[in-house]
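Novice: File name model-v5.cif; file contents mmCIF, C-alpha atoms and all ligand atoms; full text below.
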data_protein
loop_
_atom_site.label_atom_id
_atom_site.label_comp_id
_atom_site.auth_asym_id
_atom_site.auth_seq_id
_atom_site.Cartn_x
_atom_site.Cartn_y
_atom_site.Cartn_z
CA MET A 18 102.48 97.45 114.91
CA THR A 19 100.92 100.16 112.74
CA ALA A 20 97.20 100.82 112.28
CA GLU A 21 97.55 99.38 108.78
CA HIS A 22 98.84 96.09 110.20
CA ALA A 23 96.00 95.95 112.66
CA ALA A 24 93.42 96.61 109.93
CA GLN A 25 94.75 94.21 107.27
CA PRO A 26 97.60 92.21 108.81
CA HIS A 27 97.72 89.33 106.33
CA THR A 28 95.65 88.27 103.33
CA PRO A 29 95.03 84.51 103.36
CA VAL A 30 96.32 82.91 100.14
CA LEU A 31 94.48 80.37 97.99
CA LEU A 32 91.47 80.73 100.29
CA ALA A 33 88.86 79.44 97.82
CA ALA A 34 91.06 76.45 96.92
CA VAL A 35 91.63 75.67 100.62
CA LEU A 36 87.89 75.74 101.36
CA GLU A 37 87.07 73.57 98.36
CA THR A 38 89.78 70.94 98.79
CA LEU A 39 89.50 70.59 102.57
CA ALA A 40 85.76 69.92 102.07
CA ILE A 41 84.80 71.15 105.53
CA ARG A 42 81.47 69.88 106.85
CA PRO A 43 79.31 71.43 109.61
CA GLY A 44 80.58 70.29 113.00
CA ALA A 45 84.10 69.51 111.72
CA THR A 46 87.11 69.41 114.04
CA ILE A 47 89.84 71.54 112.45
CA ILE A 48 93.48 72.19 113.31
CA ASP A 49 95.19 75.27 111.88
CA GLY A 50 98.90 74.76 112.60
CA THR A 51 99.90 78.20 111.29
CA LEU A 52 97.15 80.44 112.62
CA GLY A 53 98.82 83.76 111.70
CA ALA A 54 96.22 86.51 111.68
CA GLY A 55 93.43 83.93 111.56
CA GLY A 56 92.22 84.62 108.01
CA HIS A 57 92.04 81.00 106.90
CA ALA A 58 90.82 79.97 110.35
CA ALA A 59 87.86 82.38 110.23
CA ALA A 60 86.77 81.03 106.84
CA LEU A 61 87.18 77.41 107.98
CA LEU A 62 85.11 78.12 111.10
CA GLU A 63 82.37 79.68 108.96
CA ALA A 64 82.34 76.54 106.81
CA ALA A 65 82.18 74.29 109.90
CA GLY A 66 79.38 76.29 111.52
CA PRO A 67 77.39 76.35 113.61
CA ASP A 68 79.38 74.20 116.02
CA GLY A 69 82.64 73.05 114.38
CA GLN A 70 85.75 73.47 116.52
CA LEU A 71 89.17 74.85 115.64
CA LEU A 72 92.49 74.41 117.41
CA GLY A 73 94.78 77.23 116.28
CA ILE A 74 98.53 76.95 116.80
CA ASP A 75 101.19 79.61 116.21
CA GLN A 76 104.69 80.07 117.54
CA ASP A 77 104.44 83.86 117.31
CA PRO A 78 102.69 85.37 120.34
CA ARG A 79 101.87 88.54 118.37
CA ALA A 80 100.12 86.56 115.64
CA LEU A 81 98.14 84.73 118.32
CA ALA A 82 97.02 88.02 119.88
CA LEU A 83 95.79 89.28 116.51
CA ALA A 84 94.04 86.00 115.74
CA ALA A 85 92.38 86.03 119.18
CA GLU A 86 90.79 89.37 118.31
CA ARG A 87 89.74 88.27 114.85
CA LEU A 88 88.29 84.96 116.00
CA ALA A 89 86.56 86.31 119.14
CA PRO A 90 83.12 86.18 117.44
CA PHE A 91 83.45 82.37 117.25
CA GLY A 92 83.67 82.20 121.06
CA GLU A 93 84.24 78.76 122.55
CA ARG A 94 84.51 77.12 119.15
CA VAL A 95 88.15 78.28 119.07
CA THR A 96 91.13 77.15 121.17
CA LEU A 97 94.40 79.03 120.70
CA VAL A 98 97.78 77.57 121.58
CA HIS A 99 101.20 79.16 121.63
CA GLY A 100 103.55 76.48 120.30
CA ARG A 101 105.34 74.99 117.34
CA PHE A 102 103.37 72.92 114.87
CA ASP A 103 105.96 70.17 114.93
CA ARG A 104 104.55 69.37 118.37
CA MET A 105 101.03 69.12 116.91
CA ALA A 106 100.33 65.59 118.12
CA ALA A 107 101.18 66.47 121.74
CA LEU A 108 99.42 69.86 121.61
CA ALA A 109 96.23 68.27 120.26
CA ALA A 110 96.33 65.37 122.73
CA ALA A 111 96.75 67.77 125.65
CA ARG A 112 93.48 69.42 124.57
CA GLY A 113 91.61 66.14 124.19
CA ILE A 114 91.68 66.11 120.38
CA ALA A 115 92.21 62.53 119.21
CA ALA A 116 91.27 63.06 115.55
CA ALA A 117 90.73 65.98 113.17
CA ASP A 118 88.59 66.28 110.03
CA ALA A 119 90.81 68.94 108.49
CA ILE A 120 94.31 70.26 109.12
CA LEU A 121 95.84 73.29 107.43
CA LEU A 122 99.47 74.39 107.32
CA ASP A 123 100.24 77.70 105.59
CA ILE A 124 103.99 77.64 105.96
CA GLY A 125 106.41 80.47 106.38
CA VAL A 126 106.44 84.10 107.30
CA SER A 127 103.37 86.29 107.33
CA SER A 128 102.95 89.84 106.11
CA MET A 129 103.11 90.92 109.77
CA HIS A 130 106.66 89.59 109.94
CA LEU A 131 107.81 91.05 106.63
CA ASP A 132 106.19 94.45 107.06
CA ASP A 133 107.42 95.14 110.59
CA PRO A 134 111.11 96.21 110.41
CA GLU A 135 111.55 95.53 114.13
CA ARG A 136 111.15 91.77 113.48
CA GLY A 137 114.27 91.84 111.29
CA PHE A 138 112.90 89.90 108.29
CA SER A 139 113.09 92.76 105.79
CA PHE A 140 116.05 93.82 103.70
CA LEU A 141 114.05 96.76 102.37
CA GLN A 142 113.53 98.42 105.75
CA ASP A 143 116.29 98.67 108.34
CA GLY A 144 115.80 96.85 111.64
CA PRO A 145 117.56 94.63 114.17
CA LEU A 146 118.83 91.32 112.71
CA ASP A 147 116.37 89.11 114.55
CA MET A 148 114.12 86.92 112.28
CA ARG A 149 112.82 84.74 115.13
CA MET A 150 109.13 83.96 114.63
CA ASN A 151 108.98 83.24 118.35
CA PRO A 152 110.99 85.95 120.12
CA GLN A 153 110.36 84.12 123.43
CA GLY A 154 111.95 80.88 122.23
CA ASP A 155 115.54 79.71 122.47
CA ALA A 156 116.34 79.89 118.73
CA PRO A 157 119.39 82.00 117.85
CA THR A 158 118.77 85.39 116.25
CA ALA A 159 119.95 86.09 112.70
CA ALA A 160 122.62 88.35 114.24
CA GLU A 161 123.99 85.42 116.24
CA VAL A 162 124.12 83.29 113.08
CA VAL A 163 125.88 85.85 110.86
CA ASN A 164 128.32 86.94 113.57
CA THR A 165 129.33 83.51 114.92
CA TYR A 166 129.15 80.95 112.10
CA PRO A 167 132.45 80.13 110.40
CA GLU A 168 132.60 81.45 106.82
CA GLU A 169 132.28 77.99 105.28
CA GLU A 170 129.19 77.14 107.33
CA LEU A 171 127.59 80.45 106.36
CA ALA A 172 128.29 79.75 102.71
CA ASP A 173 126.75 76.26 103.00
CA LEU A 174 123.67 77.69 104.69
CA ILE A 175 123.20 80.36 102.00
CA TRP A 176 123.64 77.72 99.30
CA ARG A 177 121.42 75.06 100.88
CA TYR A 178 118.51 77.24 102.03
CA GLY A 179 118.89 80.21 99.66
CA GLU A 180 120.20 78.41 96.55
CA ASP A 181 122.30 81.51 95.83
CA ARG A 182 125.11 80.71 93.36
CA LEU A 183 127.27 83.47 94.90
CA SER A 184 127.01 81.90 98.38
CA ARG A 185 130.78 81.70 98.93
CA ARG A 186 131.40 85.31 97.98
CA ILE A 187 128.44 86.47 100.07
CA ALA A 188 129.73 84.55 103.09
CA ARG A 189 133.17 86.17 102.64
CA ALA A 190 131.59 89.63 102.46
CA ILE A 191 129.50 88.97 105.58
CA VAL A 192 132.54 87.84 107.55
CA ALA A 193 134.45 90.96 106.41
CA ALA A 194 131.58 93.22 107.51
CA ARG A 195 131.19 91.70 111.01
CA PRO A 196 129.90 92.53 113.54
CA LEU A 197 126.50 93.05 111.93
CA SER A 198 123.47 94.01 113.95
CA ARG A 199 121.07 95.59 111.43
CA THR A 200 119.27 94.24 108.35
CA GLY A 201 120.31 97.31 106.34
CA ALA A 202 124.03 96.68 106.96
CA LEU A 203 123.67 93.00 106.03
CA ALA A 204 121.77 93.88 102.83
CA ALA A 205 124.48 96.44 101.92
CA ALA A 206 127.25 93.85 102.45
CA ILE A 207 125.43 91.42 100.13
CA GLU A 208 124.74 94.09 97.51
CA GLY A 209 128.48 94.77 97.30
CA VAL A 210 129.03 91.19 96.10
CA TYR A 211 126.73 91.36 93.10
CA PRO A 212 127.93 92.68 89.74
CA ARG A 213 126.72 96.24 89.03
CA ARG A 214 124.43 95.53 86.06
CA ARG A 215 122.30 92.73 87.35
CA THR A 216 119.62 91.32 85.09
CA GLU A 217 117.80 89.48 87.88
CA LYS A 218 114.54 90.93 89.08
CA ILE A 219 114.91 90.11 92.76
CA HIS A 220 116.94 92.07 95.30
CA PRO A 221 120.46 90.62 95.79
CA ALA A 222 119.74 89.98 99.48
CA THR A 223 116.52 87.98 98.86
CA ARG A 224 118.08 84.52 98.89
CA THR A 225 120.43 85.14 101.82
CA PHE A 226 117.60 86.56 103.93
CA GLN A 227 115.45 83.53 103.05
CA ALA A 228 118.30 81.21 104.02
CA LEU A 229 118.84 82.91 107.39
CA ARG A 230 115.12 82.90 108.17
CA ILE A 231 114.85 79.18 107.37
CA ALA A 232 117.87 78.40 109.54
CA VAL A 233 116.87 80.60 112.49
CA ASN A 234 113.38 79.07 112.67
CA ASP A 235 114.37 75.52 111.61
CA GLU A 236 111.58 75.78 109.06
CA LEU A 237 112.39 72.73 106.94
CA GLY A 238 113.00 70.49 109.96
CA ALA A 239 109.65 71.52 111.46
CA LEU A 240 107.88 70.80 108.17
CA GLU A 241 109.45 67.33 107.90
CA ARG A 242 108.44 66.51 111.48
CA VAL A 243 104.84 67.75 111.29
CA LEU A 244 103.64 65.90 108.18
CA PRO A 245 103.52 62.35 109.64
CA GLN A 246 102.03 63.74 112.88
CA ALA A 247 99.29 65.61 111.00
CA VAL A 248 98.41 62.57 108.90
CA GLY A 249 98.37 60.48 112.09
CA LEU A 250 95.86 62.90 113.62
CA LEU A 251 93.41 62.82 110.69
CA ALA A 252 90.16 60.89 111.04
CA PRO A 253 89.37 58.52 108.13
CA GLY A 254 88.28 60.77 105.24
CA GLY A 255 89.92 63.78 106.95
CA ARG A 256 92.09 66.06 104.85
CA LEU A 257 95.45 67.78 105.26
CA GLY A 258 96.31 70.84 103.15
CA VAL A 259 99.78 72.36 103.04
CA ILE A 260 100.61 75.70 101.40
CA THR A 261 104.28 76.31 100.68
CA PHE A 262 106.12 79.27 99.20
CA HIS A 263 109.35 77.94 97.75
CA SER A 264 110.71 74.83 96.09
CA LEU A 265 112.62 73.54 99.14
CA GLU A 266 109.38 73.36 101.15
CA ASP A 267 107.27 72.05 98.26
CA ARG A 268 109.78 69.26 97.62
CA ILE A 269 109.46 68.07 101.23
CA VAL A 270 105.65 68.04 101.04
CA LYS A 271 105.57 66.38 97.61
CA GLN A 272 107.97 63.60 98.65
CA ALA A 273 106.24 62.99 102.00
CA PHE A 274 102.80 62.84 100.36
CA ARG A 275 104.11 60.50 97.66
CA LEU A 276 105.50 58.11 100.29
CA LEU A 277 102.40 58.29 102.48
CA SER A 278 100.15 57.56 99.47
CA THR A 279 102.17 54.58 98.20
CA ASP A 280 101.63 50.92 99.08
CA CYS A 281 104.76 48.95 98.31
CA ILE A 282 108.08 50.82 98.38
CA CYS A 283 110.28 47.80 97.53
CA PRO A 284 112.84 48.35 94.73
CA PRO A 285 111.09 47.86 91.36
CA GLU A 286 113.35 44.93 90.40
CA GLN A 287 112.20 42.94 93.48
CA PRO A 288 109.60 40.33 92.38
CA VAL A 289 107.81 39.96 95.75
CA CYS A 290 106.96 42.73 98.22
CA THR A 291 108.75 42.44 101.53
CA CYS A 292 108.33 45.98 102.84
CA SER A 293 104.66 45.72 103.98
CA HIS A 294 104.45 49.49 103.51
CA ARG A 295 100.83 50.55 103.07
CA ALA A 296 99.38 53.85 101.84
CA VAL A 297 97.64 55.83 104.59
CA VAL A 298 96.40 58.69 102.39
CA ARG A 299 95.28 59.35 98.83
CA LEU A 300 96.38 62.40 96.86
CA VAL A 301 93.51 64.90 96.44
CA THR A 302 95.76 67.17 94.34
CA ARG A 303 98.07 65.35 91.91
CA LYS A 304 99.64 68.69 90.94
CA PRO A 305 99.84 71.58 93.40
CA LEU A 306 97.14 74.24 93.14
CA THR A 307 98.43 77.77 92.52
CA SER A 308 97.04 81.30 92.52
CA ASP A 309 95.34 82.69 89.42
CA PRO A 310 96.42 86.02 87.91
CA ALA A 311 93.57 87.86 89.67
CA GLU A 312 94.76 86.70 93.11
CA ILE A 313 98.39 87.49 92.26
CA ALA A 314 97.34 91.01 91.19
CA ARG A 315 95.45 91.48 94.48
CA ASN A 316 98.11 89.85 96.64
CA PRO A 317 101.59 89.61 95.04
CA ARG A 318 102.81 87.37 97.90
CA SER A 319 100.53 84.62 96.59
CA ARG A 320 102.50 84.27 93.34
CA SER A 321 104.73 81.46 94.62
CA ALA A 322 102.12 79.70 96.78
CA LYS A 323 101.46 75.99 96.17
CA LEU A 324 98.71 73.98 97.85
CA ARG A 325 98.88 70.18 98.12
CA VAL A 326 96.12 68.16 99.79
CA VAL A 327 95.80 64.53 100.90
CA GLU A 328 92.89 62.54 102.33
CA LYS A 329 93.26 59.91 105.06
CA LEU A 330 92.18 56.44 103.97
C1 LIG A 401 101.79 82.57 106.39
S1 LIG A 401 101.39 82.82 108.05
C2 LIG A 401 99.79 82.12 108.24
C3 LIG A 401 98.69 83.04 107.88
C4 LIG A 401 97.30 82.52 108.16
N1 LIG A 401 96.99 81.34 107.39
C5 LIG A 401 96.25 83.60 107.94
O1 LIG A 401 95.31 83.39 107.16
O2 LIG A 401 96.38 84.68 108.54
C6 LIG A 401 102.35 81.63 108.84
C7 LIG A 401 102.25 81.62 110.34
O3 LIG A 401 102.79 80.40 110.79
C8 LIG A 401 103.57 80.63 111.92
N2 LIG A 401 104.57 79.56 111.96
C9 LIG A 401 105.59 79.34 111.09
N3 LIG A 401 106.27 78.25 111.46
C10 LIG A 401 105.66 77.75 112.56
C11 LIG A 401 105.89 76.63 113.40
N4 LIG A 401 106.91 75.79 113.20
N5 LIG A 401 105.04 76.41 114.44
C12 LIG A 401 104.00 77.25 114.67
N6 LIG A 401 103.75 78.35 113.93
C13 LIG A 401 104.57 78.59 112.88
C14 LIG A 401 104.16 82.01 111.74
O4 LIG A 401 104.46 82.60 112.99
C15 LIG A 401 103.02 82.74 111.02
O5 LIG A 401 102.20 83.43 111.91
#
Could I get this structure in the form of C-alpha cells?

Specialist:
Amino acid sequence: MTAEHAAQPHTPVLLAAVLETLAIRPGATIIDGTLGAGGHAAALLEAAGPDGQLLGIDQDPRALALAAERLAPFGERVTLVHGRFDRMAALAAARGIAAADAILLDIGVSSMHLDDPERGFSFLQDGPLDMRMNPQGDAPTAAEVVNTYPEEELADLIWRYGEDRLSRRIARAIVAARPLSRTGALAAAIEGVYPRRRTEKIHPATRTFQALRIAVNDELGALERVLPQAVGLLAPGGRLGVITFHSLEDRIVKQAFRLLSTDCICPPEQPVCTCSHRAVVRLVTRKPLTSDPAEIARNPRSRSAKLRVVEKL
C-alpha cells in the first residue's frame, strides 16, 4: 500500500444523499455492511453522535485495518467485524444487536482494490490474477477461474456478469492463451479479440474483468442474500440504503425493494387475494439517486453509482 493509498484510500460516494436519506438521529444503531476505508461510517457516526453505535463489516482484512485507524477517534462506539455481509443477521446477533436504525451497503470494489496492482483487479497495471476481496477466504482466485473453467462456461460467465457481446470469442482467446497468471497477459489476450478501430470508450478488458470479479467474490449472490436479512434487522422506521455500481446489481436491489414494499403479489387477473403477502418497507427513493456533475468531476468512480433507500414499516 502506497502513502497515497494511506492518505486518501477511498472517497465515499453519494455521501450527502446517504446522510439525508438515512435520516440518522443521535444515538442511532447503525450497521455498515461494506465498511471499506470507513468514509461513510465516519460521517454516519458523526450524525449519530454523541453516543450512536456502528457495527462495521468488511470481508477484506486490509480495509478493516484502514477503517480501524480512521474510526479510532470514535472509540467504543465502533465494533469492527471481519466477515461477509450476507451473514449480517448472524454477525449482528452475535454482538447483541437485535435491531438497527440504519444499514448501509456500498457494494463492490473500493479504490484500494482497483489501485493496488497486487490485488489483481486492474487491467491497467500488471499484477497477479487474484481478485479475491478476502484473500484469507476459500474463494477461487481469478487465475483458477480462467485456467480451469471449460471454454463454454467462461463464455457464459463473461456474458452473464460482463454483458460483453464478444464473450464467446474472448473465452476462446483466453483458453488459447492459458496458462494465465497475470492481469496484463489476460488483458492482452482480450485486446487481441477486439477489432482494431474500436469506437467504444471503455477498455476492451473492462467487462471481462468485471465478470471475473463478480464470479470470484460471488457478488450478486451475496447481494441477493443480504437484502432480506438487512430489512429483517431494521427497527420500525429504520432505513436501509444500498449503493450499486452497475445494472446487474441495481436490478437485484430494485426488484427486491419492489417485492418487499408490495402488499398483494397475486396475479392481477385473480379477483381475491390468496397470497397474504404484506409489504414490510416503503420506498424512500422511487428512482435511484445518482451523483451530480460536480461529484463526478471530483470522483469519476461515482458516475455509475445509484442509491436506493427503503424504510421499515
Ligand atoms: C465500495 S467499498 C466501501 C467503501 C466505504 N463505503 C467507504 O466509505 O470507504 C466496498 C467494500 O465492501 C467490501 N465488500 C464487498 N463485498 C462484501 C461482502 N460480501 N461482505 C463484506 N464486505 C464486502 C469490500 O471489501 C470493500 O471494502

Novice: Sort by chain and increasing residue number a table of all residues of stretch 114-148 of chain A within 12 Å of stretch 263-285 of chain A, each with its closest pair of atoms and their distance in Å to one decimal, counting all atoms listed in the file, and write it as a Markdown table.

Specialist:
| residue | atom | partner | partner_atom | distance |
| --- | --- | --- | --- | --- |
| A:Leu122 | CA | A:Val270 | CA | 10.9 |
| A:Asp123 | CA | A:Glu266 | CA | 11.0 |
| A:Ile124 | CA | A:Glu266 | CA | 8.4 |
| A:Gly125 | CA | A:Glu266 | CA | 9.3 |
| A:Val126 | CA | A:His263 | CA | 11.7 |

Novice: So, counting all atoms listed in the file, which residue among A:Arg104, A:Arg136, A:Lys329, A:Arg87 is closest to A:Arg230?

Specialist: A:Arg136

Novice: For the atom pair atom CA of A:Gln70 and atom CA of A:Ala239, what is the interatomic distance in Å to one decimal place?

Specialist: 24.5 Å

Novice: List all protein, DNA and RNA residues that have at least one atom no more than 6 Å from any atom of ligand LIG 401 (chain A), counting all atoms listed in the file, and write them as a PyMOL selection string.

Specialist: chain A and resi 27+29+51-57+74-77+80+100-103+123-127+150+239

Novice: Which one of A:His99, A:Arg42, A:Lys323, A:Arg79 sits closest to A:His130 if you count all atoms listed in the file?

Specialist: A:Arg79

Novice: May I ask for the distance between atom CA of A:Leu61 and atom CA of A:Phe91, given in Å to one decimal place?

Specialist: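 So the answer is 11.2 Å.
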
Novice: Please identify all polymer residues within 8 Å of A:Gly73, counting only C-alpha atoms, omitting same-chain residues fewer than 3 positions from it, and present them as a list in words.

Specialist: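 Close residues of A:Gly73: Ile48, Asp49, Gly50, Thr51, Leu52, Ala58, Val95, Thr96, Leu97 and Val98 of chain A.
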
Novice: Generate the output file for the selected residues, C-alpha atoms, as a PDB file, keeping the file's coordinate frame.

Specialist:
ATOM      1  CA  ILE A  48      93.480  72.190 113.310  1.00  0.00           C
ATOM      2  CA  ASP A  49      95.190  75.270 111.880  1.00  0.00           C
ATOM      3  CA  GLY A  50      98.900  74.760 112.600  1.00  0.00           C
ATOM      4  CA  THR A  51      99.900  78.200 111.290  1.00  0.00           C
ATOM      5  CA  LEU A  52      97.150  80.440 112.620  1.00  0.00           C
ATOM      6  CA  ALA A  58      90.820  79.970 110.350  1.00  0.00           C
ATOM      7  CA  VAL A  95      88.150  78.280 119.070  1.00  0.00           C
ATOM      8  CA  THR A  96      91.130  77.150 121.170  1.00  0.00           C
ATOM      9  CA  LEU A  97      94.400  79.030 120.700  1.00  0.00           C
ATOM     10  CA  VAL A  98      97.780  77.570 121.580  1.00  0.00           C
TER      11      VAL A  98
END

Novice: Tell me, in Å to one decimal, how far atom CA of A:Leu250 is from atom CA of A:Ala119.

Specialist: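 Interatomic distance, atom CA of A:Leu250 to atom CA of A:Ala119: 9.4 Å.
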